[in-house]
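Enquirer: Dumping the structure here so I can ask a few things about it.
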Amino acid sequence: MKIKRRKVAKKILKTYTSHFGFSEPYKLLIDGTFAKRALDNKVRIDDQVKNYFGKNIKLYTTECVINELTVLGKQLYGALCICKKMEIYDCGHKGSKMAKGCLKHIIEKGNEDKFFIATNDKQVSSFANSIPGTPLVYIVGNTIVLDKPSENTSKAAEADLRAATDLTTHEQKILKQIRMEEKKIAPVLHKRKVIKGPNPLSMKKKSTAKEAKTGAKPAEEGESSKNGNKKSKKRRVKLSAHAKMAVLAKMKELTA
Ligand SMILES: [Zn+2]
């Protein structure tokens with residue numbers, strides 16, 4: 001089960017590394033809801049996260065998250081302690097926003113620093129799912145789950161893949177031109193082959209030589225002179241049909 005989950009996680013990770021510019025070291029941005037759930041369910045964030053992402057991962061939170069947890073007091077003291085162990089990411093709000101608003105704003109700005117958003121807040125999750133290329137991490141039971149890409153993310157990844165493999169219209173025009181050029185060149189090459197291939201001149205020479213010796217018209221290729229003469233006689237009649245007509249016409253003239 002665990003191996004299967006890790007395989008699935010690897011595939012999900014690849015979506016983000018291949019199409020949305022995520023790379024190692026991976027960064028996880030953790031909010032109070034995630035930290036609280038981890039504490040309640042005795043999830044060791046460090047260990048589990050490394051199972052998914054490998055050792056090359058850094059955990060972050062924001063000043064806004066720390067501030068909110070501090071204000072909320074005793075109930076969230078444990079979560080506050082967990083978050084204080086993380087590095088503080090400079091969200092630019094200087095602690096002025098609620099955690100929800102802080103995370104949403106980071107996502108809205110395009111998640112420039114490529115965070116995996118670690119939250120159990122449904123509002124933040126659904127907002128993250130509405131923005132393509134925003135990876136989500138949450139806790140179910142005692143397990144950290146790397147959420148499968150949202151529909152928006154999957155569509156954007158497919159579009160990115162198509163863009164990489166499809167030719168632009170301009171490239172398609174160039175390809176057409178190349179094919180047209182190839183068609184123009186092809187017959188020329190063919191003609192050259194025809195010229196190079198057979199050896200008609202040598203054959204003619206042979207036949208004319210035979211003709212000179214035998215005193216007959218050209219023989220068939222490779223045939224003996226006797227057979228060649230017989231065949232050539234027959235053929236001569238066939239070939240000179242017009243001449244034969246002319247001869248017959250002349251004969252009529254003579255007999256008349
Ligand atoms: Zn903030």
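Labeling convention for the structure tokens: chains A, B, ... as they appear, residues from 1 per chain, ligands from 1 in order of appearance.
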May I have the residues within 12 Å of Lys10 of chain A as a ChimeraX atom specification, using only C-alpha atoms and disregarding those fewer than 3 positions away in the same chain?

Expert: /A:3-7,13-18,51-54,145-148

Enquirer: Using DSSP on the backbone, list every residue of segment 32-86 of chain A that comes out as helix (DSSP H, G or I), and give them as JSON, numbers by chain.

Expert: {"A": [32, 33, 34, 35, 36, 37, 38, 39, 40, 45, 46, 47, 48, 49, 50, 51, 52, 53, 63, 64, 65, 66, 67, 68, 69, 70, 71, 72, 73, 74, 75, 76, 77, 78, 79, 80, 81, 82, 83, 84]}

Enquirer: Which residue gives the smallest distance to ligand 1 among A:Lys36, A:Asp46, A:Ile106, A:Lys11, with only C-alpha atoms and all ligand atoms counted?

Expert: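 Closest to ligand 1, using only C-alpha atoms and all ligand atoms: A:Ile106.
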
Enquirer: Name each residue within 10 Å of ligand 1, counting only C-alpha atoms and all ligand atoms, as a PyMOL selection string.

Expert: chain A and resi 61-67+89-106

Enquirer: What is the distance between atom CA of Lys84 of chain A and atom CA of Thr33 of chain A, in Å to one decimal?

Expert: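 So the answer is 14.0 Å.
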
Enquirer: Check the smallest atom-to-atom distance from each of A:Asn41, A:Asn56, A:Gln75, A:Gln48 to Ser23 of chain A using only C-alpha atoms, then report the winner.

Expert: A:Asn56

Enquirer: Determine the nearest neighbour of Ala164 of chain A from the options A:His19, A:Arg44, A:Thr134, A:Ile88, counting only C-alpha atoms.

Expert: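 Of A:His19, A:Arg44, A:Thr134, A:Ile88, the one nearest Ala164 of chain A is A:His19, counting only C-alpha atoms.
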
Enquirer: Measuring atom to atom with only C-alpha atoms, identify which of A:Ala38, A:Ile139, A:Val71, A:Ile174 is nearest to Asn120 of chain A.

Expert: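 Of all the options, A:Ile139 lies closest to Asn120 of chain A.
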
Enquirer: Expressed in Å to a single decimal, how great is the separation between atom CA of Ile45 of chain A and atom CA of Glu24 of chain A?

Expert: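 It comes out at 18.2 Å.
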